[in-house]
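To be precise, the following lines are run.csv, and they hold CSV, C-alpha atoms.
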```csv
chain,number,residue,atom,x,y,z
R,31,MET,CA,6.6,-5.8,-19.4
R,32,SER,CA,8.5,-3.1,-17.7
R,33,SER,CA,7.7,-2.4,-14.1
R,34,ARG,CA,8.0,1.3,-14.6
R,35,CYS,CA,4.9,3.2,-15.2
R,36,LEU,CA,4.1,6.6,-16.6
R,37,VAL,CA,3.5,8.6,-13.5
R,38,LEU,CA,0.5,10.8,-13.9
R,39,PRO,CA,-1.3,11.1,-10.5
R,40,GLN,CA,-5.0,11.3,-10.8
R,41,VAL,CA,-6.4,14.6,-9.8
R,42,VAL,CA,-9.3,14.3,-7.4
R,43,ALA,CA,-11.5,16.6,-5.5
R,44,PRO,CA,-10.6,17.6,-2.0
R,45,ARG,CA,-11.6,15.1,0.7
R,46,MET,CA,-14.4,16.2,3.0
R,47,LEU,CA,-14.6,13.0,5.0
R,48,PRO,CA,-13.2,12.5,8.5
R,49,ALA,CA,-10.0,10.5,8.9
R,50,MET,CA,-10.3,6.8,7.9
R,51,ASP,CA,-11.7,4.4,10.4
R,52,LEU,CA,-9.1,1.6,10.2
R,53,SER,CA,-10.5,-1.4,12.0
R,54,ASP,CA,-9.1,-4.8,12.5
R,55,ASP,CA,-11.5,-6.1,9.9
R,56,ASP,CA,-8.6,-5.3,7.6
R,57,ALA,CA,-6.5,-7.9,9.5
R,58,GLY,CA,-9.3,-10.4,8.7
R,59,LEU,CA,-9.1,-9.4,5.0
R,60,MET,CA,-5.3,-10.0,5.0
R,61,LEU,CA,-5.8,-13.4,6.6
R,62,ARG,CA,-8.3,-14.3,3.8
R,63,TYR,CA,-5.8,-13.1,1.2
R,64,ARG,CA,-3.1,-15.2,2.9
R,65,ASP,CA,-5.4,-18.2,2.5
R,66,GLY,CA,-6.1,-17.5,-1.2
R,67,ASP,CA,-8.9,-15.0,-1.4
R,68,ALA,CA,-7.8,-12.6,-4.1
R,69,ALA,CA,-11.0,-10.5,-3.6
R,70,ALA,CA,-9.8,-9.7,-0.1
R,71,PHE,CA,-6.6,-8.2,-1.5
R,72,SER,CA,-8.6,-6.1,-3.9
R,73,ALA,CA,-10.6,-4.8,-1.0
R,74,LEU,CA,-7.5,-4.0,1.1
R,75,TYR,CA,-5.9,-2.3,-1.9
R,76,ALA,CA,-8.9,-0.1,-2.6
R,77,GLN,CA,-9.0,1.0,1.0
R,78,TYR,CA,-5.3,1.7,1.5
R,79,LYS,CA,-3.9,2.8,-1.9
R,80,GLY,CA,-4.8,6.4,-1.4
R,81,PRO,CA,-3.3,6.9,2.1
R,82,LEU,CA,-0.2,4.8,1.3
R,83,TYR,CA,0.4,6.7,-2.0
R,84,ARG,CA,0.0,10.1,-0.3
R,85,TYR,CA,2.3,9.1,2.6
R,86,LEU,CA,5.0,8.1,0.2
R,87,LEU,CA,4.5,11.0,-2.2
R,88,ARG,CA,4.7,13.6,0.6
R,89,LEU,CA,7.5,11.8,2.4
R,90,VAL,CA,9.9,11.5,-0.6
R,91,ARG,CA,8.5,14.7,-2.3
R,92,ASN,CA,8.8,13.1,-5.8
R,93,ALA,CA,6.1,11.4,-7.8
R,94,GLY,CA,8.4,9.0,-9.7
R,95,ALA,CA,10.1,7.8,-6.6
R,96,ALA,CA,6.8,7.5,-4.8
R,97,ALA,CA,5.4,5.3,-7.6
R,98,ASP,CA,8.4,3.0,-7.4
R,99,LEU,CA,8.1,2.7,-3.6
R,100,PHE,CA,4.4,2.2,-3.8
R,101,GLN,CA,4.8,-0.8,-6.1
R,102,GLU,CA,7.6,-2.1,-3.9
R,103,VAL,CA,5.5,-2.0,-0.8
R,104,TRP,CA,2.7,-4.0,-2.3
R,105,SER,CA,5.1,-6.4,-3.8
R,106,ARG,CA,6.7,-7.1,-0.4
R,107,LEU,CA,3.3,-7.6,1.1
R,108,VAL,CA,2.3,-10.1,-1.5
R,109,ALA,CA,5.6,-11.9,-1.2
R,110,THR,CA,5.4,-12.2,2.6
R,111,ARG,CA,1.6,-12.9,2.8
R,112,ALA,CA,2.2,-16.6,3.8
R,113,ARG,CA,3.9,-15.5,7.0
R,114,TYR,CA,1.3,-12.9,8.0
R,115,GLU,CA,0.0,-13.1,11.5
R,116,PRO,CA,-2.3,-10.3,12.9
R,117,ARG,CA,0.0,-9.1,15.8
R,118,ALA,CA,-1.0,-5.5,15.2
R,119,LYS,CA,-3.4,-3.5,13.2
R,120,PHE,CA,-3.2,-4.1,9.5
R,121,ALA,CA,-2.4,-0.4,8.9
R,122,THR,CA,0.6,-0.7,11.3
R,123,PHE,CA,1.8,-3.8,9.4
R,124,LEU,CA,1.4,-2.2,6.0
R,125,PHE,CA,3.0,1.1,6.9
R,126,HIS,CA,5.8,-0.6,8.7
R,127,ILE,CA,6.6,-2.2,5.3
R,128,ALA,CA,6.3,1.2,3.7
R,129,HIS,CA,8.6,2.8,6.2
R,130,ASN,CA,11.2,0.1,5.7
R,131,CYS,CA,11.0,0.5,1.9
R,132,ALA,CA,11.6,4.2,2.3
R,133,VAL,CA,14.6,3.6,4.6
R,134,ASP,CA,16.1,1.1,2.1
R,135,PHE,CA,15.4,3.5,-0.7
R,136,PHE,CA,17.4,6.3,0.9
R,137,ARG,CA,20.1,3.9,2.1
R,138,ARG,CA,20.6,2.6,-1.4
R,139,ASP,CA,21.1,6.1,-2.6
R,140,VAL,CA,23.6,6.9,0.1
R,141,ASN,CA,25.5,3.6,-0.5
R,142,LEU,CA,25.7,4.2,-4.3
R,143,ARG,CA,27.0,7.7,-3.8
R,144,GLY,CA,29.5,6.3,-1.2
R,145,GLU,CA,30.7,3.7,-3.6
R,146,ILE,CA,31.3,6.3,-6.3
R,147,ALA,CA,33.1,8.5,-3.8
R,148,ALA,CA,35.2,5.5,-2.5
R,149,GLN,CA,36.7,4.9,-5.9
R,150,ASP,CA,39.3,7.4,-4.8
R,151,LEU,CA,40.3,8.2,-8.3
R,152,ASP,CA,42.2,11.4,-9.0
R,153,PRO,CA,40.6,13.0,-10.7
R,154,PRO,CA,37.3,11.2,-10.2
R,155,LEU,CA,35.9,9.8,-13.4
R,156,LEU,CA,32.4,10.3,-12.2
R,157,GLU,CA,31.0,13.1,-10.0
R,158,PRO,CA,28.5,11.7,-7.5
R,159,GLU,CA,25.3,12.9,-8.8
R,160,VAL,CA,22.5,14.0,-6.6
R,161,PRO,CA,19.5,11.8,-7.5
R,162,GLU,CA,16.7,13.7,-9.1
R,163,TYR,CA,14.3,13.5,-6.1
R,164,GLN,CA,16.9,15.2,-3.9
R,165,ARG,CA,18.0,17.9,-6.2
R,166,PRO,CA,17.1,21.2,-4.6
R,167,ASP,CA,15.5,22.5,-7.8
R,168,ARG,CA,13.3,19.4,-8.1
R,169,VAL,CA,12.3,19.6,-4.5
R,170,ALA,CA,11.5,23.3,-4.9
R,171,GLU,CA,9.5,22.5,-8.0
R,172,PHE,CA,7.5,19.9,-6.0
R,173,VAL,CA,7.0,22.4,-3.2
R,174,GLU,CA,5.8,25.1,-5.5
R,175,GLN,CA,3.1,22.9,-6.8
R,176,GLN,CA,1.7,22.4,-3.3
R,177,SER,CA,-0.6,24.5,-1.2
R,178,ALA,CA,0.7,26.5,1.7
R,179,LEU,CA,0.1,23.7,4.2
R,180,LEU,CA,1.6,20.9,2.0
R,181,ALA,CA,4.6,23.1,1.3
R,182,ALA,CA,5.0,23.6,5.1
R,183,VAL,CA,4.8,19.8,5.5
R,184,ALA,CA,7.4,19.3,2.8
R,185,ALA,CA,9.7,21.7,4.6
R,186,LEU,CA,9.6,19.7,7.9
R,187,PRO,CA,12.6,17.5,8.8
R,188,HIS,CA,12.1,14.0,7.4
R,189,GLU,CA,11.3,12.3,10.7
R,190,GLN,CA,8.8,14.9,11.8
R,191,ARG,CA,7.2,14.9,8.3
R,192,GLU,CA,6.8,11.1,8.5
R,193,ALA,CA,5.2,11.2,11.9
R,194,PHE,CA,2.7,13.8,10.8
R,195,LEU,CA,1.9,12.0,7.6
R,196,LEU,CA,1.4,8.7,9.4
R,197,ARG,CA,-1.0,10.4,11.8
R,198,GLU,CA,-3.0,12.2,9.2
R,199,GLU,CA,-3.2,9.5,6.6
R,200,THR,CA,-3.8,6.5,8.8
R,201,GLY,CA,-5.1,7.8,12.2
R,202,LEU,CA,-2.6,5.6,14.0
R,203,SER,CA,-1.9,6.3,17.6
R,204,VAL,CA,1.5,7.6,18.8
R,205,GLU,CA,2.3,4.2,20.1
R,206,GLU,CA,1.5,2.6,16.7
R,207,ILE,CA,3.5,5.3,14.9
R,208,ALA,CA,6.4,4.4,17.1
R,209,ARG,CA,6.1,0.8,16.1
R,210,VAL,CA,5.9,1.7,12.4
R,211,THR,CA,9.1,3.8,12.6
R,212,ASP,CA,10.9,1.6,15.1
R,213,VAL,CA,11.5,4.3,17.7
R,214,PRO,CA,10.5,4.6,21.4
R,215,VAL,CA,7.1,6.1,22.0
R,216,GLU,CA,8.5,9.3,23.5
R,217,THR,CA,10.6,9.9,20.4
R,218,ALA,CA,7.5,9.5,18.1
R,219,LYS,CA,5.6,11.8,20.4
R,220,SER,CA,8.4,14.4,20.3
R,221,ARG,CA,8.6,14.3,16.5
R,222,LEU,CA,4.9,14.7,16.2
R,223,ARG,CA,4.8,17.5,18.7
R,224,TYR,CA,7.5,19.5,16.9
R,225,ALA,CA,5.8,18.9,13.6
R,226,ILE,CA,2.4,20.2,14.6
R,227,ARG,CA,4.0,23.1,16.4
R,228,LYS,CA,5.9,24.2,13.3
R,229,LEU,CA,2.9,23.7,11.0
R,230,GLN,CA,0.6,25.6,13.3
R,231,LYS,CA,3.1,28.4,13.6
R,232,SER,CA,3.7,28.8,9.9
R,233,LEU,CA,0.1,28.6,9.0
R,234,SER,CA,-1.6,30.3,11.9
R,235,PRO,CA,-3.5,33.0,9.9
R,236,MET,CA,-5.0,30.3,7.7
R,237,LEU,CA,-5.9,27.9,10.5
R,238,GLU,CA,-7.8,30.5,12.5
R,239,PRO,CA,-10.6,31.7,10.2
R,240,GLY,CA,-12.2,34.9,11.4
R,241,VAL,CA,-9.1,36.3,13.0
R,242,LEU,CA,-8.3,39.2,10.8
R,243,PRO,CA,-5.3,41.6,11.3
R,244,ALA,CA,-6.4,44.9,12.7
R,245,ARG,CA,-6.8,47.6,10.2
R,246,THR,CA,-5.0,50.9,10.8
R,247,TYR,CA,-6.0,54.1,9.3
R,248,ALA,CA,-3.7,56.9,8.4
B,25,MET,CA,12.0,19.2,28.1
B,26,PRO,CA,8.9,20.2,26.2
B,27,ASP,CA,6.9,23.0,27.8
B,28,LYS,CA,3.4,22.5,29.0
B,29,ARG,CA,2.0,24.5,26.2
B,30,MET,CA,3.5,22.2,23.6
B,31,THR,CA,2.2,19.1,25.5
B,32,ASP,CA,-1.3,20.7,25.5
B,33,GLU,CA,-1.1,21.4,21.8
B,34,LEU,CA,-0.2,17.8,21.1
B,35,GLU,CA,-3.0,16.4,23.3
B,36,GLU,CA,-5.5,18.7,21.6
B,37,TYR,CA,-4.2,17.6,18.2
B,38,LEU,CA,-4.4,13.9,19.1
B,39,ALA,CA,-7.9,14.3,20.5
B,40,GLY,CA,-8.9,14.8,16.8
B,41,GLU,CA,-10.7,17.5,14.8
B,42,SER,CA,-7.9,20.1,15.2
B,43,ALA,CA,-7.9,23.0,12.7
B,44,LEU,CA,-4.6,21.6,11.3
B,45,SER,CA,-6.2,18.2,10.6
B,46,ARG,CA,-9.3,19.8,9.1
B,47,GLN,CA,-7.1,21.9,6.8
B,48,TYR,CA,-5.0,18.8,5.8
B,49,ARG,CA,-8.2,16.9,4.9
B,50,ARG,CA,-9.3,19.8,2.7
B,51,GLU,CA,-6.2,19.4,0.6
B,52,SER,CA,-6.2,17.6,-2.7
B,53,ALA,CA,-5.9,13.8,-2.4
B,54,PRO,CA,-3.8,12.4,-5.2
B,55,MET,CA,-4.2,8.7,-6.0
B,56,PRO,CA,-1.8,6.3,-7.7
B,57,PRO,CA,-2.0,6.1,-11.5
B,58,HIS,CA,-4.5,3.6,-12.9
B,59,ALA,CA,-1.7,1.8,-14.6
B,60,LEU,CA,-0.1,1.0,-11.2
B,61,ASP,CA,-3.4,-0.2,-9.9
B,62,ARG,CA,-3.7,-2.8,-12.7
B,63,LEU,CA,-0.1,-3.9,-12.4
B,64,ILE,CA,-0.3,-4.5,-8.6
B,65,LEU,CA,-3.7,-6.2,-8.7
B,66,LYS,CA,-2.8,-8.5,-11.5
B,67,ALA,CA,0.4,-9.5,-9.7
B,68,ALA,CA,-1.4,-10.0,-6.4
B,69,VAL,CA,-4.2,-12.1,-7.9
B,70,ALA,CA,-1.8,-14.2,-10.0
B,71,GLN,CA,0.5,-15.0,-7.0
B,72,GLY,CA,-2.4,-15.5,-4.6
B,73,LEU,CA,-4.2,-18.1,-6.7
B,74,ALA,CA,-1.6,-19.9,-8.7
B,75,PRO,CA,-0.5,-22.5,-6.0
B,76,LEU,CA,-4.1,-23.3,-5.1
B,77,ALA,CA,-5.2,-23.6,-8.7
B,78,PHE,CA,-2.4,-26.1,-9.3
B,79,ALA,CA,-3.2,-28.1,-6.2
B,80,ALA,CA,-6.9,-28.3,-7.1
B,81,SER,CA,-6.2,-29.5,-10.6
B,82,VAL,CA,-3.9,-32.2,-9.2
B,83,LEU,CA,-6.6,-33.5,-6.9
B,84,LEU,CA,-9.2,-33.4,-9.6
B,85,SER,CA,-6.9,-35.3,-12.0
B,86,VAL,CA,-6.2,-38.0,-9.5
B,87,ALA,CA,-9.9,-38.5,-8.8
B,88,LEU,CA,-10.7,-38.6,-12.5
B,89,VAL,CA,-8.0,-41.2,-13.2
B,90,LEU,CA,-9.2,-43.4,-10.4
B,91,ALA,CA,-12.8,-43.1,-11.6
B,92,LEU,CA,-11.8,-44.1,-15.1
B,93,VAL,CA,-9.5,-46.9,-14.3
B,94,PHE,CA,-11.1,-48.4,-11.2
B,95,GLY,CA,-14.6,-47.1,-11.3
B,96,PRO,CA,-16.4,-44.4,-9.3
B,97,GLN,CA,-16.2,-46.3,-6.0
B,98,ALA,CA,-12.4,-46.2,-6.1
B,99,ALA,CA,-12.5,-42.5,-6.6
B,100,LYS,CA,-15.1,-42.1,-3.9
B,101,LYS,CA,-13.1,-44.2,-1.5
B,102,ALA,CA,-10.0,-42.2,-2.3
B,103,ASP,CA,-11.9,-39.1,-1.5
B,104,ASP,CA,-13.2,-40.5,1.7
B,105,GLU,CA,-9.7,-41.3,3.1
B,106,PRO,CA,-7.6,-38.3,3.7
B,107,ARG,CA,-4.3,-38.5,2.1
B,108,VAL,CA,-1.3,-36.3,2.1
B,109,LEU,CA,-0.3,-35.5,-1.5
B,110,LYS,CA,3.1,-34.3,-2.4
B,111,VAL,CA,2.5,-31.5,-4.8
B,112,SER,CA,5.4,-30.3,-6.9
B,113,VAL,CA,5.6,-26.6,-7.3
B,114,TYR,CA,6.5,-25.7,-10.8
B,115,LYS,CA,8.9,-22.9,-11.3
B,116,THR,CA,7.1,-22.2,-14.6
B,117,ASP,CA,3.3,-21.7,-15.0
B,118,PRO,CA,1.2,-24.7,-14.2
B,119,PRO,CA,-0.6,-26.6,-17.1
B,120,ARG,CA,-3.6,-24.6,-18.3
B,121,ALA,CA,-7.0,-26.2,-18.0
B,122,ALA,CA,-8.9,-26.2,-21.3
B,123,PRO,CA,-12.2,-24.3,-21.0
B,124,ALA,CA,-14.9,-27.0,-20.9
B,125,SER,CA,-18.1,-25.3,-22.0
B,126,PRO,CA,-19.0,-22.7,-24.6
B,127,ARG,CA,-19.8,-20.3,-21.7
B,128,GLU,CA,-16.3,-20.8,-20.3
B,129,ARG,CA,-14.8,-20.2,-23.7
B,130,ASN,CA,-16.1,-16.6,-23.3
B,131,PRO,CA,-14.0,-15.0,-20.5
B,132,ALA,CA,-16.3,-12.1,-20.0
B,133,ALA,CA,-19.3,-14.3,-19.6
B,134,TRP,CA,-17.5,-16.6,-17.3
B,135,LEU,CA,-16.5,-13.6,-15.1
B,136,GLY,CA,-20.1,-12.4,-15.1
B,137,ASP,CA,-21.1,-15.8,-13.8
B,138,ILE,CA,-18.5,-15.6,-11.0
B,139,ALA,CA,-19.7,-12.1,-10.1
B,140,ALA,CA,-23.3,-13.4,-9.9
B,141,LEU,CA,-22.2,-16.2,-7.5
B,142,ARG,CA,-20.5,-13.6,-5.3
B,143,ARG,CA,-23.6,-11.4,-5.3
B,144,ALA,CA,-25.7,-14.4,-4.3
B,145,GLY,CA,-23.3,-15.0,-1.3
B,146,ARG,CA,-22.0,-18.3,-2.9
B,147,ASP,CA,-18.4,-17.3,-2.2
B,148,ARG,CA,-17.0,-20.8,-2.0
B,149,GLU,CA,-18.3,-21.7,-5.5
B,150,ALA,CA,-17.1,-18.3,-6.8
B,151,ASP,CA,-13.6,-19.0,-5.4
B,152,ILE,CA,-13.5,-22.4,-7.1
B,153,GLU,CA,-14.7,-20.9,-10.4
B,154,MET,CA,-12.2,-18.1,-10.1
B,155,ARG,CA,-9.4,-20.6,-9.7
B,156,ARG,CA,-10.5,-22.5,-12.7
B,157,PHE,CA,-10.8,-19.2,-14.7
B,158,ARG,CA,-7.2,-18.2,-13.7
B,159,SER,CA,-6.0,-21.6,-14.7
B,160,ALA,CA,-7.7,-21.2,-18.1
B,161,TYR,CA,-6.9,-17.6,-18.7
B,162,PRO,CA,-3.8,-16.7,-16.6
B,163,SER,CA,-3.1,-13.5,-18.5
B,164,TYR,CA,-6.6,-12.2,-18.6
B,165,LEU,CA,-6.8,-8.7,-16.9
B,166,ILE,CA,-9.8,-8.8,-14.6
B,167,PRO,CA,-11.5,-5.4,-14.3
B,168,VAL,CA,-11.2,-3.9,-10.8
B,169,SER,CA,-14.5,-3.0,-9.2
B,170,GLU,CA,-14.2,-0.5,-6.3
```
For the file at hand, write its structure as structure tokens.
Amino acid sequence: MSSRCLVLPQVVAPRMLPAMDLSDDDAGLMLRYRDGDAAAFSALYAQYKGPLYRYLLRLVRNAGAAADLFQEVWSRLVATRARYEPRAKFATFLFHIAHNCAVDFFRRDVNLRGEIAAQDLDPPLLEPEVPEYQRPDRVAEFVEQQSALLAAVAALPHEQREAFLLREETGLSVEEIARVTDVPVETAKSRLRYAIRKLQKSLSPMLEPGVLPARTYA
Amino acid sequence: MPDKRMTDELEEYLAGESALSRQYRRESAPMPPHALDRLILKAAVAQGLAPLAFAASVLLSVALVLALVFGPQAAKKADDEPRVLKVSVYKTDPPRAAPASPRERNPAAWLGDIAALRRAGRDREADIEMRRFRSAYPSYLIPVSE
């Protein structure tokens, strides 16, 4: 059975609930799964599949790549479950895996393109192709399908976009975001600060209901 | 160095319920395709239970052989004394246990019994039955209940 799936994201109604309450009960579930309780994994999966999928989708800005990464993240978690120890929140653990998968994903692409370029053939037999998810027209197509806010998120620099998505999808603190992304706390704070500043600036009329531009009369 | 206004904006944002966060939560919330759900859950369940199912079947087999050859006391004595078993891990699928009863020959009915055990809070028995079920029907797709 091929591991590739037809990518047709489900369309769901807008969320009207507050941010997820991610408690350490999830670490308990992971420990139970580690010890053989498959139902515990199902419970974790049900709780985190949405936030993880949206984090990946809006980080890489491509549904196909997001689906591949999504599957890879869960595969890594299953493969390493025997070594799991609850040293941090489960969400921190899971999204650290996701961050590393995304880093590896982008690095593989850079290495592949570097290998092609390094063949040093004259003329080159193969032009290094831009992968689909990075092609400007594909990114533009993805952005066009988004709302104004999500388009602004997609336009953020990668690190700032990631910090914002981690905060919004998981509710993790700045310190936990720093752990997920392997940077100092001040760096994570700075990325988040610049992200929200840019988003608020680009969306200010929408974010301030009731503030209407003054009408002028001829 | 970030100015004070930016620091205040960040602090206000982190305090929760900012207009930006509210707007983000109003956005659509795409979920992974159902096909991905099934694939991931099947793999996780199969990998999570396979080693335990095999170890359980080895212990049961040893107890059964002792009971048949030496009588029930030998099996009981064997159970009383803790032993360390060397369990070989097969690289292929472990031997499948043949379903014992007519009810167990009906996978859907068997799963219904397991679900009833869970609802009754008899998780340990449910876990044992689920391991036996996976051993008997390793490829059966178990519906996900959310």
Restrict the calculation to all atoms listed in the file, then for each residue of chain B with any atom at most 6 Å from an atom of chain R give the closest atom pair and their distance in Å to one decimal, rows by chain and rising residue number, as CSV.
```
residue,atom,partner,partner_atom,distance
B:Leu34,CA,R:Arg223,CA,5.6
B:Ala43,CA,R:Leu237,CA,5.7
B:Arg49,CA,R:Arg45,CA,5.7
B:Arg50,CA,R:Pro44,CA,5.3
B:Glu51,CA,R:Pro44,CA,5.4
B:Ser52,CA,R:Pro44,CA,4.5
B:Pro54,CA,R:Val41,CA,5.7
B:Met55,CA,R:Gly80,CA,5.2
B:Pro56,CA,R:Pro39,CA,5.6
B:Pro57,CA,R:Pro39,CA,5.1
B:Val69,CA,R:Ala68,CA,5.3
B:Gly72,CA,R:Gly66,CA,5.4
B:Leu73,CA,R:Gly66,CA,5.8
```
Between CA of Cys131 in chain R and CA of Arg106 in chain R, what is the spacing in Å?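 Pair CA of Arg106 in chain R / CA of Cys131 in chain R returns 9.0 Å.
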Who sits within 8 Å of Val210 in chain R, only C-alpha atoms, same chain under 3 positions skipped, as a ChimeraX atom specification: /R:122-123,125-126,129,206-207
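Distance annotation: of R:Arg221, R:Asp167, R:Leu74, R:Arg191, the residue with the minimal separation from Ala208 in chain R is R:Arg221; atom set is only C-alpha atoms.
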For CA of Tyr114 in chain R and CA of Asp56 in chain R, the interatomic separation in Å (one decimal):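 Computing it gives 12.5 Å between the two atoms.
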Sel. within 7 Å of pt (-7.1, -5.1, 12.1), counting all atoms listed in the file, output as number ranges by chain: R: 53-58, 118-120
With C-alpha atoms retained, export the selected residues as a short mmCIF file (atom, residue, chain, number, x, y, z; two decimals), in the coordinates of the input.
```cif
data_model
loop_
_atom_site.label_atom_id
_atom_site.label_comp_id
_atom_site.auth_asym_id
_atom_site.auth_seq_id
_atom_site.Cartn_x
_atom_site.Cartn_y
_atom_site.Cartn_z
CA SER R 53 -10.50 -1.40 12.00
CA ASP R 54 -9.10 -4.80 12.50
CA ASP R 55 -11.50 -6.10 9.90
CA ASP R 56 -8.60 -5.30 7.60
CA ALA R 57 -6.50 -7.90 9.50
CA GLY R 58 -9.30 -10.40 8.70
CA ALA R 118 -1.00 -5.50 15.20
CA LYS R 119 -3.40 -3.50 13.20
CA PHE R 120 -3.20 -4.10 9.50
#
```
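The spacing separating CA of Ile127 in chain R from CA of Leu186 in chain R amounts to 22.3 Å.
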Because some atoms of range 30-49 of chain B are absent here, can you restore N, CA and C atoms and send them as a PDB file, keeping the file's coordinate frame?
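Output contents, as saved in result-v8.pdb:
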```
ATOM      1  N   MET B  30       3.307  23.079  24.716  1.00  0.00           N
ATOM      2  CA  MET B  30       3.500  22.200  23.600  1.00  0.00           C
ATOM      3  C   MET B  30       2.774  20.835  23.880  1.00  0.00           C
ATOM      4  N   THR B  31       2.841  20.392  25.144  1.00  0.00           N
ATOM      5  CA  THR B  31       2.200  19.100  25.500  1.00  0.00           C
ATOM      6  C   THR B  31       0.669  19.282  25.306  1.00  0.00           C
ATOM      7  N   ASP B  32       0.120  20.435  25.719  1.00  0.00           N
ATOM      8  CA  ASP B  32      -1.300  20.700  25.500  1.00  0.00           C
ATOM      9  C   ASP B  32      -1.672  20.688  24.061  1.00  0.00           C
ATOM     10  N   GLU B  33      -0.817  21.305  23.250  1.00  0.00           N
ATOM     11  CA  GLU B  33      -1.100  21.400  21.800  1.00  0.00           C
ATOM     12  C   GLU B  33      -1.153  19.980  21.229  1.00  0.00           C
ATOM     13  N   LEU B  34      -0.218  19.130  21.645  1.00  0.00           N
ATOM     14  CA  LEU B  34      -0.200  17.800  21.100  1.00  0.00           C
ATOM     15  C   LEU B  34      -1.420  17.000  21.550  1.00  0.00           C
ATOM     16  N   GLU B  35      -1.793  17.151  22.803  1.00  0.00           N
ATOM     17  CA  GLU B  35      -3.000  16.400  23.300  1.00  0.00           C
ATOM     18  C   GLU B  35      -4.227  16.895  22.589  1.00  0.00           C
ATOM     19  N   GLU B  36      -4.308  18.192  22.349  1.00  0.00           N
ATOM     20  CA  GLU B  36      -5.500  18.700  21.600  1.00  0.00           C
ATOM     21  C   GLU B  36      -5.490  18.178  20.203  1.00  0.00           C
ATOM     22  N   TYR B  37      -4.318  18.115  19.592  1.00  0.00           N
ATOM     23  CA  TYR B  37      -4.200  17.600  18.200  1.00  0.00           C
ATOM     24  C   TYR B  37      -4.628  16.135  18.171  1.00  0.00           C
ATOM     25  N   LEU B  38      -4.118  15.351  19.130  1.00  0.00           N
ATOM     26  CA  LEU B  38      -4.400  13.900  19.100  1.00  0.00           C
ATOM     27  C   LEU B  38      -5.852  13.607  19.468  1.00  0.00           C
ATOM     28  N   ALA B  39      -6.498  14.559  20.130  1.00  0.00           N
ATOM     29  CA  ALA B  39      -7.900  14.300  20.500  1.00  0.00           C
ATOM     30  C   ALA B  39      -8.777  14.319  19.219  1.00  0.00           C
ATOM     31  N   GLY B  40      -8.214  14.843  18.109  1.00  0.00           N
ATOM     32  CA  GLY B  40      -8.900  14.800  16.800  1.00  0.00           C
ATOM     33  C   GLY B  40      -9.634  16.123  16.541  1.00  0.00           C
ATOM     34  N   GLU B  41      -9.913  16.335  15.267  1.00  0.00           N
ATOM     35  CA  GLU B  41     -10.700  17.500  14.800  1.00  0.00           C
ATOM     36  C   GLU B  41      -9.944  18.820  15.075  1.00  0.00           C
ATOM     37  N   SER B  42      -8.617  18.809  15.085  1.00  0.00           N
ATOM     38  CA  SER B  42      -7.900  20.100  15.200  1.00  0.00           C
ATOM     39  C   SER B  42      -8.018  20.828  13.888  1.00  0.00           C
ATOM     40  N   ALA B  43      -7.796  22.142  13.964  1.00  0.00           N
ATOM     41  CA  ALA B  43      -7.900  23.000  12.700  1.00  0.00           C
ATOM     42  C   ALA B  43      -6.838  22.493  11.732  1.00  0.00           C
ATOM     43  N   LEU B  44      -5.679  22.065  12.221  1.00  0.00           N
ATOM     44  CA  LEU B  44      -4.600  21.600  11.300  1.00  0.00           C
ATOM     45  C   LEU B  44      -5.076  20.346  10.575  1.00  0.00           C
ATOM     46  N   SER B  45      -5.690  19.390  11.279  1.00  0.00           N
ATOM     47  CA  SER B  45      -6.200  18.200  10.600  1.00  0.00           C
ATOM     48  C   SER B  45      -7.278  18.494   9.628  1.00  0.00           C
ATOM     49  N   ARG B  46      -8.162  19.412  10.021  1.00  0.00           N
ATOM     50  CA  ARG B  46      -9.300  19.800   9.100  1.00  0.00           C
ATOM     51  C   ARG B  46      -8.687  20.378   7.827  1.00  0.00           C
ATOM     52  N   GLN B  47      -7.694  21.223   7.989  1.00  0.00           N
ATOM     53  CA  GLN B  47      -7.100  21.900   6.800  1.00  0.00           C
ATOM     54  C   GLN B  47      -6.406  20.801   5.947  1.00  0.00           C
ATOM     55  N   TYR B  48      -5.723  19.855   6.568  1.00  0.00           N
ATOM     56  CA  TYR B  48      -5.000  18.800   5.800  1.00  0.00           C
ATOM     57  C   TYR B  48      -6.050  18.005   4.991  1.00  0.00           C
ATOM     58  N   ARG B  49      -7.176  17.711   5.590  1.00  0.00           N
ATOM     59  CA  ARG B  49      -8.200  16.900   4.900  1.00  0.00           C
ATOM     60  C   ARG B  49      -8.832  17.695   3.738  1.00  0.00           C
TER      61      ARG B  49
END
```
